[in-house]
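K.L.:
Got run12.tsv for you, TSV, C-alpha atoms:
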```
chain	number	residue	atom	x	y	z
A	235	MET	CA	14.81	-23.69	-77.13
A	236	ALA	CA	15.12	-19.96	-77.50
A	237	PRO	CA	11.87	-19.11	-75.77
A	238	THR	CA	12.83	-21.36	-72.91
A	239	ARG	CA	16.20	-19.74	-72.58
A	240	THR	CA	14.59	-16.29	-72.57
A	241	LYS	CA	12.26	-17.48	-69.87
A	242	HIS	CA	15.24	-18.71	-67.92
A	243	ARG	CA	17.01	-15.42	-68.26
A	244	LEU	CA	13.89	-13.54	-67.22
A	245	ARG	CA	13.46	-15.79	-64.28
A	246	ASN	CA	17.08	-15.31	-63.25
A	247	ARG	CA	16.75	-11.58	-63.56
A	248	ALA	CA	13.56	-11.62	-61.50
A	249	ALA	CA	15.27	-13.78	-58.90
A	250	GLY	CA	18.15	-11.29	-58.82
A	251	VAL	CA	15.78	-8.41	-58.17
A	252	VAL	CA	14.07	-10.30	-55.40
A	253	ILE	CA	17.40	-11.12	-53.79
A	254	ASN	CA	18.49	-7.49	-54.04
A	255	ILE	CA	15.31	-6.39	-52.32
A	256	ILE	CA	15.81	-8.94	-49.58
A	257	VAL	CA	19.41	-7.87	-49.04
A	258	ALA	CA	18.42	-4.21	-48.96
A	259	ALA	CA	15.61	-4.91	-46.51
A	260	ALA	CA	17.90	-6.97	-44.33
A	261	GLN	CA	20.45	-4.17	-44.31
A	262	MET	CA	17.84	-1.60	-43.41
A	263	TYR	CA	16.51	-3.82	-40.66
A	264	ALA	CA	19.81	-4.97	-39.28
A	265	GLY	CA	21.70	-1.71	-39.78
A	266	PRO	CA	20.93	-0.19	-36.39
A	267	LEU	CA	21.81	-3.48	-34.74
A	268	TYR	CA	25.20	-3.67	-36.41
A	269	ASN	CA	26.03	-0.01	-35.84
A	270	LYS	CA	24.72	-0.12	-32.29
A	271	THR	CA	24.37	3.36	-30.87
A	272	PRO	CA	24.82	3.48	-27.09
A	273	TYR	CA	21.49	4.31	-25.42
A	274	HIS	CA	22.41	5.62	-22.00
A	275	THR	CA	24.85	8.37	-22.90
A	276	SER	CA	23.79	11.14	-20.53
A	277	ILE	CA	26.67	12.71	-18.65
A	278	LEU	CA	24.61	12.61	-15.43
A	279	THR	CA	24.82	9.01	-14.26
A	280	GLY	CA	22.42	7.58	-11.70
A	281	GLU	CA	25.19	7.50	-9.14
A	282	MET	CA	25.95	11.17	-9.71
A	283	TRP	CA	22.28	12.06	-9.45
A	284	VAL	CA	21.97	10.23	-6.13
A	285	GLN	CA	25.07	11.99	-4.81
A	286	GLU	CA	23.58	15.31	-5.96
A	287	LEU	CA	20.40	14.52	-4.02
A	288	ILE	CA	22.37	13.66	-0.89
A	289	ALA	CA	24.46	16.83	-1.08
A	290	GLY	CA	21.79	19.13	-2.48
A	291	HIS	CA	18.86	21.12	-1.08
A	292	PRO	CA	17.23	19.10	1.71
A	293	LYS	CA	13.78	19.28	0.11
A	294	ARG	CA	15.07	17.77	-3.11
A	295	ILE	CA	15.80	14.31	-1.74
A	296	ARG	CA	12.57	14.40	0.24
A	297	THR	CA	10.63	15.07	-2.95
A	298	GLU	CA	12.44	12.61	-5.21
A	299	LEU	CA	12.98	9.69	-2.84
A	300	GLY	CA	10.28	10.37	-0.23
A	301	MET	CA	12.72	10.58	2.70
A	302	ARG	CA	14.82	13.25	4.32
A	303	ARG	CA	18.58	12.93	3.82
A	304	ASN	CA	19.46	11.41	7.19
A	305	ILE	CA	16.57	8.98	7.04
A	306	PHE	CA	17.69	7.91	3.57
A	307	LEU	CA	21.24	7.26	4.78
A	308	GLN	CA	19.87	5.32	7.72
A	309	PHE	CA	17.65	3.37	5.33
A	310	VAL	CA	20.69	2.42	3.26
A	311	GLN	CA	22.55	1.30	6.41
A	312	THR	CA	19.57	-0.77	7.52
A	313	LEU	CA	19.32	-2.43	4.09
A	314	MET	CA	23.00	-3.38	4.31
A	315	LEU	CA	22.53	-4.83	7.78
A	316	SER	CA	19.46	-6.69	6.55
A	317	GLY	CA	21.44	-8.47	3.86
A	318	LEU	CA	21.39	-6.28	0.73
A	319	LYS	CA	24.24	-7.44	-1.52
A	320	PRO	CA	26.78	-5.00	-2.95
A	321	GLY	CA	26.30	-4.46	-6.69
A	322	ARG	CA	29.22	-4.83	-9.08
A	323	PHE	CA	28.75	-1.35	-10.49
A	324	VAL	CA	25.80	-0.04	-8.49
A	325	SER	CA	26.38	1.43	-5.03
A	326	TYR	CA	24.12	0.72	-2.06
A	327	GLU	CA	22.83	4.29	-2.27
A	328	GLU	CA	21.91	3.92	-5.91
A	329	GLN	CA	20.21	0.56	-5.29
A	330	ALA	CA	18.08	2.10	-2.55
A	331	ALA	CA	17.36	5.13	-4.73
A	332	ILE	CA	16.20	2.97	-7.66
A	333	PHE	CA	13.72	1.24	-5.39
A	334	LEU	CA	12.47	4.37	-3.64
A	335	TYR	CA	12.23	6.40	-6.85
A	336	ALA	CA	10.20	3.57	-8.42
A	337	CYS	CA	7.82	3.57	-5.43
A	338	VAL	CA	7.48	7.34	-5.28
A	339	THR	CA	6.89	7.86	-9.00
A	340	GLY	CA	5.42	4.55	-10.20
A	341	LEU	CA	7.42	4.99	-13.45
A	342	SER	CA	8.08	2.18	-15.90
A	343	THR	CA	11.40	0.34	-15.97
A	344	ARG	CA	12.48	2.09	-19.18
A	345	ARG	CA	11.87	5.56	-17.76
A	346	LEU	CA	13.65	4.64	-14.53
A	347	GLY	CA	16.48	3.50	-16.79
A	348	GLU	CA	16.65	6.98	-18.29
A	349	ARG	CA	16.78	8.60	-14.86
A	350	PHE	CA	19.56	6.31	-13.63
A	351	GLN	CA	21.22	5.74	-17.04
A	352	ARG	CA	20.95	1.99	-16.53
A	353	SER	CA	19.61	-0.89	-18.62
A	354	ASN	CA	16.15	-2.33	-18.03
A	355	ASP	CA	17.72	-5.48	-16.61
A	356	THR	CA	19.79	-3.53	-14.12
A	357	ILE	CA	16.81	-1.46	-12.94
A	358	SER	CA	14.62	-4.53	-12.63
A	359	HIS	CA	17.31	-6.49	-10.82
A	360	TYR	CA	17.95	-3.89	-8.12
A	361	PHE	CA	14.29	-3.01	-7.69
A	362	ARG	CA	13.62	-6.66	-6.92
A	363	ALA	CA	16.67	-6.97	-4.69
A	364	VAL	CA	15.60	-4.10	-2.42
A	365	LEU	CA	11.93	-5.14	-2.58
A	366	ARG	CA	12.89	-8.59	-1.35
A	367	ILE	CA	14.89	-7.21	1.58
A	368	VAL	CA	12.20	-4.77	2.65
A	369	SER	CA	9.37	-7.30	2.48
A	370	SER	CA	11.07	-10.10	4.40
A	371	SER	CA	12.69	-10.57	7.77
A	372	PRO	CA	14.58	-9.12	9.50
A	373	PHE	CA	13.64	-5.72	8.00
A	374	TYR	CA	9.92	-6.42	7.65
A	375	GLY	CA	9.58	-8.11	11.02
A	376	ASN	CA	11.33	-5.23	12.76
A	377	TYR	CA	9.09	-2.56	11.35
A	378	VAL	CA	5.71	-4.24	10.86
A	379	CYS	CA	4.64	-6.13	13.96
A	380	LEU	CA	1.44	-6.94	15.78
A	381	PRO	CA	0.97	-5.68	19.35
A	382	SER	CA	1.72	-8.15	22.10
A	383	ALA	CA	-0.56	-9.03	25.01
A	384	THR	CA	1.17	-6.43	27.18
A	385	PHE	CA	0.58	-3.65	24.65
A	386	PRO	CA	-0.54	-0.61	26.70
A	387	ILE	CA	-3.78	1.20	25.95
A	388	PRO	CA	-2.87	3.52	23.06
A	389	PRO	CA	-2.53	7.16	24.20
A	390	GLU	CA	-4.90	8.24	21.41
A	391	ILE	CA	-7.61	6.20	23.16
A	392	ARG	CA	-6.60	6.84	26.76
A	393	SER	CA	-6.35	10.60	26.45
A	394	ASN	CA	-9.73	11.02	24.76
A	395	PRO	CA	-12.75	10.91	27.10
A	396	LYS	CA	-14.97	10.05	24.14
A	397	PHE	CA	-13.02	6.81	23.62
A	398	PHE	CA	-11.81	5.96	27.11
A	399	PRO	CA	-12.67	3.74	28.89
A	400	PHE	CA	-15.15	2.49	26.30
A	401	PHE	CA	-12.63	1.42	23.67
A	402	GLU	CA	-9.86	0.52	26.11
A	403	GLY	CA	-9.44	-2.90	24.48
A	404	ALA	CA	-8.81	-1.44	21.00
A	405	ILE	CA	-5.29	-1.96	19.69
A	406	GLY	CA	-5.83	-0.58	16.21
A	407	ALA	CA	-8.12	-0.56	13.22
A	408	VAL	CA	-8.42	-2.95	10.32
A	409	ASP	CA	-9.64	-2.50	6.78
A	410	GLY	CA	-9.32	-3.98	3.33
A	411	THR	CA	-8.10	-1.98	0.37
A	412	HIS	CA	-7.43	-2.60	-3.28
A	413	ILE	CA	-3.98	-2.14	-4.72
A	414	ALA	CA	-3.43	-2.28	-8.44
A	415	CYS	CA	-1.22	-5.16	-9.44
A	416	CYS	CA	0.20	-3.75	-12.62
A	417	PRO	CA	2.25	-0.95	-10.99
A	418	SER	CA	4.70	-3.57	-9.87
A	419	ILE	CA	7.29	-2.38	-12.33
A	420	PRO	CA	9.04	-5.55	-13.45
A	421	GLU	CA	5.75	-7.35	-14.03
A	422	ARG	CA	3.78	-4.55	-15.60
A	423	GLU	CA	3.96	-5.95	-19.14
A	424	LEU	CA	3.12	-9.47	-18.02
A	425	SER	CA	0.04	-8.60	-16.05
A	426	ARG	CA	-1.29	-6.31	-18.74
A	427	ASN	CA	-1.09	-9.13	-21.28
A	428	ARG	CA	-2.81	-11.62	-19.08
A	429	LYS	CA	-5.97	-9.95	-17.94
A	430	GLY	CA	-5.80	-6.30	-18.88
A	431	TRP	CA	-6.15	-4.88	-15.41
A	432	LEU	CA	-5.65	-6.67	-12.14
A	433	SER	CA	-5.98	-5.71	-8.54
A	434	GLN	CA	-5.15	-7.44	-5.32
A	435	ASN	CA	-7.14	-7.08	-2.16
A	436	CYS	CA	-5.05	-6.34	0.90
A	437	LEU	CA	-5.96	-6.51	4.54
A	438	ALA	CA	-4.18	-3.98	6.72
A	439	CYS	CA	-4.15	-3.46	10.48
A	440	CYS	CA	-2.81	-0.16	11.70
A	441	SER	CA	-2.23	1.49	15.02
A	442	PHE	CA	-3.78	4.78	16.08
A	443	ASP	CA	-0.39	6.45	15.64
A	444	MET	CA	-0.42	5.58	11.94
A	445	GLN	CA	1.84	2.57	11.73
A	446	PHE	CA	1.02	-0.62	9.93
A	447	GLN	CA	0.83	-3.61	12.25
A	448	TYR	CA	-0.09	-6.29	9.75
A	449	ILE	CA	-0.51	-6.65	5.98
A	450	LEU	CA	-1.98	-9.57	4.11
A	451	SER	CA	-1.62	-9.16	0.34
A	452	GLY	CA	-2.24	-11.16	-2.77
A	453	TRP	CA	-5.91	-11.96	-2.44
A	454	ASP	CA	-8.00	-11.76	-5.56
A	455	GLY	CA	-9.59	-8.35	-5.99
A	456	SER	CA	-13.07	-9.82	-5.69
A	457	ALA	CA	-12.54	-11.38	-2.25
A	458	ALA	CA	-14.65	-9.92	0.57
A	459	ASP	CA	-12.93	-8.28	3.54
A	460	ALA	CA	-14.61	-10.69	5.93
A	461	ALA	CA	-13.29	-13.73	4.06
A	462	ILE	CA	-9.74	-12.36	4.00
A	463	PHE	CA	-9.88	-11.54	7.68
A	464	ASN	CA	-11.04	-15.01	8.45
A	465	ASP	CA	-8.12	-16.46	6.52
A	466	ALA	CA	-5.65	-14.15	8.27
A	467	ARG	CA	-7.07	-14.99	11.68
A	468	GLN	CA	-6.48	-18.67	11.11
A	469	SER	CA	-2.96	-18.35	9.73
A	470	ASP	CA	-0.83	-15.59	11.25
A	471	LEU	CA	-2.94	-12.73	12.62
A	472	ARG	CA	-2.78	-13.14	16.40
A	473	VAL	CA	-4.86	-10.85	18.58
A	474	PRO	CA	-4.31	-10.93	22.37
A	475	VAL	CA	-7.29	-12.15	24.38
A	476	GLY	CA	-9.60	-9.32	25.37
A	477	ARG	CA	-8.14	-6.94	22.77
A	478	TYR	CA	-9.68	-6.10	19.41
A	479	PHE	CA	-9.43	-4.08	16.23
A	480	LEU	CA	-12.05	-1.58	15.10
A	481	ALA	CA	-13.52	-2.61	11.76
A	482	ASP	CA	-16.24	-1.35	9.43
A	483	ALA	CA	-19.55	-3.03	8.64
A	484	GLY	CA	-17.95	-5.14	5.89
A	485	PHE	CA	-16.53	-7.44	8.55
A	486	ALA	CA	-18.39	-10.05	10.57
A	487	ALA	CA	-18.49	-9.76	14.35
A	488	CYS	CA	-16.00	-11.89	16.22
A	489	ALA	CA	-13.96	-11.76	19.42
A	490	SER	CA	-11.10	-9.79	17.87
A	491	LEU	CA	-13.20	-7.23	15.97
A	492	LEU	CA	-15.49	-4.45	17.09
A	493	ILE	CA	-17.86	-3.44	14.32
A	494	PRO	CA	-20.56	-0.72	14.03
A	495	TYR	CA	-24.29	-1.31	14.27
A	496	ARG	CA	-25.77	-1.86	10.85
A	497	GLY	CA	-28.68	0.22	9.65
A	498	VAL	CA	-27.92	2.97	12.16
A	499	ARG	CA	-26.81	6.47	11.23
A	500	TYR	CA	-23.03	6.58	11.17
A	501	HIS	CA	-21.89	10.12	10.49
A	502	LEU	CA	-23.32	12.54	13.03
A	503	ALA	CA	-22.13	15.54	15.00
A	504	GLU	CA	-22.04	14.92	18.70
A	505	TRP	CA	-22.87	18.45	19.83
A	506	GLY	CA	-24.54	19.82	16.73
A	507	GLN	CA	-28.16	20.86	16.32
A	508	ALA	CA	-30.63	18.60	18.05
A	509	GLY	CA	-31.72	17.10	14.70
A	510	ILE	CA	-28.33	15.68	13.85
A	511	ARG	CA	-27.20	14.73	17.32
A	512	PRO	CA	-27.16	11.05	18.19
A	513	SER	CA	-30.54	10.17	19.63
A	514	ASN	CA	-29.82	6.73	21.06
A	515	GLN	CA	-26.92	4.63	22.23
A	516	GLU	CA	-26.41	2.86	18.90
A	517	GLU	CA	-26.02	6.16	17.07
A	518	LEU	CA	-23.61	7.53	19.65
A	519	TYR	CA	-21.57	4.35	19.53
A	520	ASN	CA	-21.39	4.43	15.73
A	521	LEU	CA	-20.35	8.08	15.79
A	522	ARG	CA	-17.44	7.49	18.13
A	523	HIS	CA	-16.51	4.20	16.51
A	524	SER	CA	-16.23	5.96	13.17
A	525	SER	CA	-14.05	8.72	14.52
A	526	ALA	CA	-11.72	6.28	16.31
A	527	ARG	CA	-11.48	4.15	13.18
A	528	ASN	CA	-10.49	7.17	11.14
A	529	ALA	CA	-6.78	6.37	11.60
A	530	VAL	CA	-6.94	3.48	9.18
A	531	GLU	CA	-8.54	5.58	6.47
A	532	ARG	CA	-5.89	8.25	6.94
A	533	ILE	CA	-3.01	5.79	6.75
A	534	PHE	CA	-4.21	4.47	3.39
A	535	GLY	CA	-4.51	8.04	2.17
A	536	ILE	CA	-0.96	8.82	3.27
A	537	LEU	CA	0.47	5.67	1.72
A	538	LYS	CA	-1.24	6.58	-1.54
A	539	ARG	CA	0.21	10.07	-1.50
A	540	ARG	CA	3.64	8.82	-0.59
A	541	TYR	CA	3.85	6.14	-3.24
A	542	VAL	CA	2.25	6.31	-6.65
A	543	LEU	CA	3.16	2.62	-6.87
A	544	ALA	CA	0.39	1.93	-4.36
A	545	ILE	CA	-2.43	3.29	-6.49
A	546	PHE	CA	-5.49	2.30	-4.62
A	547	GLU	CA	-8.20	1.35	-7.00
A	548	CYS	CA	-11.41	2.90	-5.87
A	549	PHE	CA	-14.47	2.36	-7.91
A	550	HIS	CA	-15.62	-0.92	-9.28
A	551	HIS	CA	-14.70	-3.41	-6.58
A	552	TYR	CA	-17.23	-2.63	-3.95
A	553	LYS	CA	-20.82	-3.46	-4.65
A	554	ALA	CA	-22.24	-0.67	-2.56
B	239	MET	CA	6.15	-15.16	-3.51
B	240	SER	CA	5.64	-13.17	-6.67
B	241	ILE	CA	6.96	-9.66	-6.97
B	242	GLN	CA	3.66	-7.84	-6.93
B	243	VAL	CA	2.42	-9.57	-3.81
B	244	ARG	CA	5.48	-8.18	-2.05
B	245	VAL	CA	4.75	-4.59	-3.03
B	246	PRO	CA	2.07	-3.71	-0.41
B	247	PRO	CA	4.02	-5.16	2.56
B	248	ALA	CA	7.18	-3.46	1.30
B	249	LEU	CA	5.51	-0.06	1.06
B	250	ALA	CA	4.01	-0.53	4.52
B	251	ALA	CA	7.41	-1.44	5.96
B	252	VAL	CA	9.09	1.60	4.41
B	253	HIS	CA	6.25	3.79	5.68
B	254	ASN	CA	6.80	2.43	9.19
B	255	PHE	CA	10.54	2.94	8.84
B	256	ILE	CA	9.91	6.63	8.20
B	257	ARG	CA	7.33	6.81	11.04
B	258	VAL	CA	9.82	5.35	13.50
B	259	HIS	CA	12.91	7.33	12.53
B	260	ASP	CA	11.28	10.59	11.46
B	261	PRO	CA	8.19	10.93	13.68
B	262	ASP	CA	7.36	14.51	12.69
B	263	GLU	CA	7.36	13.81	8.98
B	264	ILE	CA	3.71	12.75	9.15
B	265	HIS	CA	2.72	16.39	9.68
B	266	ASP	CA	3.82	17.14	6.12
B	267	PHE	CA	0.65	15.46	5.00
B	268	ASN	CA	-2.14	17.89	5.76
B	269	ASN	CA	-5.26	16.36	7.13
B	270	ASP	CA	-7.88	17.28	4.58
B	271	ALA	CA	-6.08	15.87	1.58
B	272	VAL	CA	-5.20	12.47	2.95
B	273	SER	CA	-8.46	10.72	3.68
B	274	ASP	CA	-8.70	7.69	1.47
B	275	LEU	CA	-10.98	8.22	-1.48
B	276	ASN	CA	-12.47	4.84	-0.84
B	277	PRO	CA	-13.13	4.18	2.83
B	278	GLY	CA	-14.27	0.74	1.74
B	279	TYR	CA	-17.61	-0.47	2.98
B	280	GLY	CA	-17.03	-3.96	1.68
B	281	GLU	CA	-19.57	-6.55	0.77
B	282	LEU	CA	-21.32	-8.28	3.62
B	283	ALA	CA	-20.18	-11.82	4.19
B	284	MET	CA	-20.79	-14.48	6.78
B	285	GLY	CA	-17.62	-15.23	8.68
B	286	PRO	CA	-17.34	-18.68	10.15
B	287	ALA	CA	-17.25	-17.28	13.71
B	288	SER	CA	-19.62	-19.37	15.82
B	289	ILE	CA	-23.04	-18.09	16.88
B	290	ALA	CA	-21.95	-17.97	20.51
B	291	GLU	CA	-18.87	-15.94	19.63
B	292	ARG	CA	-20.87	-13.49	17.60
B	293	ASP	CA	-23.46	-13.15	20.33
B	294	GLU	CA	-20.70	-12.34	22.76
B	295	ALA	CA	-19.21	-9.80	20.34
B	296	GLY	CA	-22.66	-8.22	20.05
B	297	ALA	CA	-23.11	-8.14	23.79
B	298	LYS	CA	-19.69	-6.54	24.22
B	299	ARG	CA	-20.67	-3.87	21.74
B	300	ASP	CA	-23.94	-3.26	23.60
B	301	ARG	CA	-22.09	-2.86	26.87
B	302	ILE	CA	-19.76	-0.31	25.31
B	303	ALA	CA	-22.62	1.59	23.70
B	304	GLN	CA	-24.62	1.61	26.90
B	305	ALA	CA	-21.71	2.90	28.99
B	306	MET	CA	-21.04	5.58	26.41
B	307	TRP	CA	-24.68	6.65	26.37
B	308	GLY	CA	-24.78	6.91	30.14
B	309	ALA	CA	-21.72	9.16	30.20
B	310	TYR	CA	-23.10	11.20	27.30
B	311	GLN	CA	-26.38	11.84	29.14
B	312	VAL	CA	-24.43	13.07	32.16
B	313	GLU	CA	-22.36	15.36	29.95
B	314	LEU	CA	-25.45	16.61	28.12
B	315	ALA	CA	-27.25	17.37	31.38
B	316	SER	CA	-24.26	19.29	32.74
B	317	ARG	CA	-24.05	21.35	29.54
B	318	GLN	CA	-27.72	22.26	29.78
B	319	GLU	CA	-27.30	23.44	33.35
B	320	GLU	CA	-24.56	25.89	32.34
```
So that I can check it, write out the structure of this file as structure tokens.
P.N.:
Amino acid sequence: MAPTRTKHRLRNRAAGVVINIIVAAAQMYAGPLYNKTPYHTSILTGEMWVQELIAGHPKRIRTELGMRRNIFLQFVQTLMLSGLKPGRFVSYEEQAAIFLYACVTGLSTRRLGERFQRSNDTISHYFRAVLRIVSSSPFYGNYVCLPSATFPIPPEIRSNPKFFPFFEGAIGAVDGTHIACCPSIPERELSRNRKGWLSQNCLACCSFDMQFQYILSGWDGSAADAAIFNDARQSDLRVPVGRYFLADAGFAACASLLIPYRGVRYHLAEWGQAGIRPSNQEELYNLRHSSARNAVERIFGILKRRYVLAIFECFHHYKA
Amino acid sequence: MSIQVRVPPALAAVHNFIRVHDPDEIHDFNNDAVSDLNPGYGELAMGPASIAERDEAGAKRDRIAQAMWGAYQVELASRQEE
């Protein structure tokens, strides 16, 4: 009996030790949760920061939110008129600032939360709210629209004797570009877990005065420009009869596109030394086509510099 | 529509908003630094445009190129005379 009892006692003691360890571990683990320390305790709230930007040095708001002061205030007004809902604790100005600051910096939700002293949920909620307004009608339709049949010949074409009257039917330029998917802040974690790195191929039409006329997004990164254009053309990309966009050699010829000659020198100087001047009509055409089409390359460059969120992925998508 | 699909149109719309209401702002971006790193010469693909349509597109291009070349020759000749 005695040995058994000793065993019992030993076992009980061992069990006691184990329980103590578990309790201690649980306390260590749960301690911070029970004594919850507030996270966003900075005295500068997001609202105060936004008001500082509005009242401060004019370059400050331009740098942080990508807009001058008056344009920002107008942007806020336009969002309200386009249906942005008032937040319970977050002003219209702060909602707009959360969205713009996310676009300008490409920061993660947590770091935006630090800037605005708001929870991840709040940041994510208002980013999405403004994103939804800006990417749907009436806001989107008012600012991104295709030219109508009565669209006049663009002054950039008409005033340039190298382009006019040759390109008088051109209403803009079109190109495809890759935009990383993961910088979409609320979905960054999700997309990273799924495939590591994702991109979406976008088709963009833009005018010669550097405005977007049409955007088609969401195509798989591996889709060819020509295939995307063909899809767009059959769904919602309307081009007036007799008018066309300038496109690069990645697109197939059709009534609404003017493409360069393939296998012909493209980058030449018109009045340079005889050796690098265009020596036939195809070369001259390609030279001028390239310089007229330049607007679309510039607009992508500007968008990229404006918004880190639109990181254009460059290298491994095009099989040269 | 998922969130990330909305990002490119949203950025384009905000860009246009600034272009419309603050037309001079574009000059803040100096020319040499803005050209896209990837001008994007995409893969070649056969669009389903019909043969007739593509022939017409080709003919249109030829007409433009020919007209350009004619004007260029005139300009070249006048420069040589000077």
K.L.:
Any idea what's packed within 9 Å of stretch 285-296 of chain B, counting all atoms listed in the file, ignoring anything in its chain fewer than 2 positions away? Could you give it as an mmCIF file with C-alpha atoms, keeping the file's coordinate frame?
P.N.:
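Below you can see around.cif, which holds the result:
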```
data_model
loop_
_atom_site.group_PDB
_atom_site.id
_atom_site.type_symbol
_atom_site.label_atom_id
_atom_site.label_comp_id
_atom_site.auth_asym_id
_atom_site.auth_seq_id
_atom_site.Cartn_x
_atom_site.Cartn_y
_atom_site.Cartn_z
ATOM 1 C CA ALA A 460 -14.610 -10.690 5.930
ATOM 2 C CA ALA A 461 -13.290 -13.730 4.060
ATOM 3 C CA PHE A 463 -9.880 -11.540 7.680
ATOM 4 C CA ASN A 464 -11.040 -15.010 8.450
ATOM 5 C CA PHE A 485 -16.530 -7.440 8.550
ATOM 6 C CA ALA A 486 -18.390 -10.050 10.570
ATOM 7 C CA ALA A 487 -18.490 -9.760 14.350
ATOM 8 C CA CYS A 488 -16.000 -11.890 16.220
ATOM 9 C CA ALA A 489 -13.960 -11.760 19.420
ATOM 10 C CA SER A 490 -11.100 -9.790 17.870
ATOM 11 C CA LEU A 491 -13.200 -7.230 15.970
ATOM 12 C CA LEU A 492 -15.490 -4.450 17.090
ATOM 13 C CA ILE A 493 -17.860 -3.440 14.320
ATOM 14 C CA ALA B 283 -20.180 -11.820 4.190
ATOM 15 C CA LYS B 298 -19.690 -6.540 24.220
ATOM 16 C CA ARG B 299 -20.670 -3.870 21.740
ATOM 17 C CA ASP B 300 -23.940 -3.260 23.600
ATOM 18 C CA ARG B 301 -22.090 -2.860 26.870
#
```
K.L.:
How close does chain A get to chain B? List, as CSV, each residue of chain A within 6 Å, its nearest atom pair and the distance in Å to one decimal, counting all atoms listed in the file.
P.N.:
```
residue,atom,partner,partner_atom,distance
A:Val368,CA,B:Ala248,CA,5.4
A:Ser369,CA,B:Ala248,CA,4.6
A:Tyr374,CA,B:Ala251,CA,5.8
A:Tyr377,CA,B:Ala251,CA,5.8
A:Val378,CA,B:Ala251,CA,5.9
A:Phe400,CA,B:Ile302,CA,5.5
A:Ser418,CA,B:Gln242,CA,5.3
A:Gln445,CA,B:Asn254,CA,5.6
A:Ile449,CA,B:Pro247,CA,5.9
A:Ser451,CA,B:Val243,CA,5.8
A:Gly452,CA,B:Val243,CA,5.0
A:Ala458,CA,B:Glu281,CA,6.0
A:Ala460,CA,B:Ala283,CA,5.9
A:Gly484,CA,B:Gly280,CA,4.5
A:Ala486,CA,B:Gly285,CA,5.6
A:Ala487,CA,B:Arg292,CA,5.5
A:Cys488,CA,B:Arg292,CA,5.3
A:Ala489,CA,B:Ala295,CA,5.7
A:Gln515,CA,B:Trp307,CA,5.1
A:Tyr519,CA,B:Ala303,CA,5.1
A:Glu531,CA,B:Asp274,CA,5.4
A:Arg532,CA,B:Ser273,CA,4.8
A:Phe534,CA,B:Asp274,CA,5.8
A:Gly535,CA,B:Asp274,CA,4.3
A:Ile536,CA,B:Val272,CA,5.6
A:Cys548,CA,B:Asn276,CA,5.5
A:Tyr552,CA,B:Gly280,CA,5.8
```
K.L.:
Report as a count of residues only all protein, DNA and RNA residues lying within 12 Å of A:Ile391, evaluated on all atoms listed in the file, omitting residues in the same chain fewer than 3 positions from it.
P.N.:
25
K.L.:
As an exercise, work out the distance from atom CA of A:Asn376 to atom CA of A:Ser316 in Å and give it to one decimal place.
P.N.:
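Atom-to-atom, atom CA of A:Asn376 to atom CA of A:Ser316, that is 10.3 Å.
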K.L.:
Hey, what's within 9 Å of A:Trp283 if we count only C-alpha atoms and toss same-chain stuff fewer than 3 positions away? As an MDAnalysis selection string, please?
P.N.:
chainID A and resid 278:280 286:288 328 349:350
K.L.:
Have a look at A:Met314, A:Ala457, A:Val473, A:Ala466 and name the one nearest to A:Gln434; count all atoms listed in the file.
P.N.:
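Closest residue, counting all atoms listed in the file: A:Ala457.
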K.L.:
Report the distance between atom CA of A:Pro389 and atom CA of A:Cys440 in Å, rounded to one decimal place.
P.N.:
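These atoms are spaced 14.5 Å apart.
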K.L.:
Work out how far atom CA of A:Thr411 is from atom CA of A:Ser358, in Å to one decimal.
P.N.:
26.3 Å
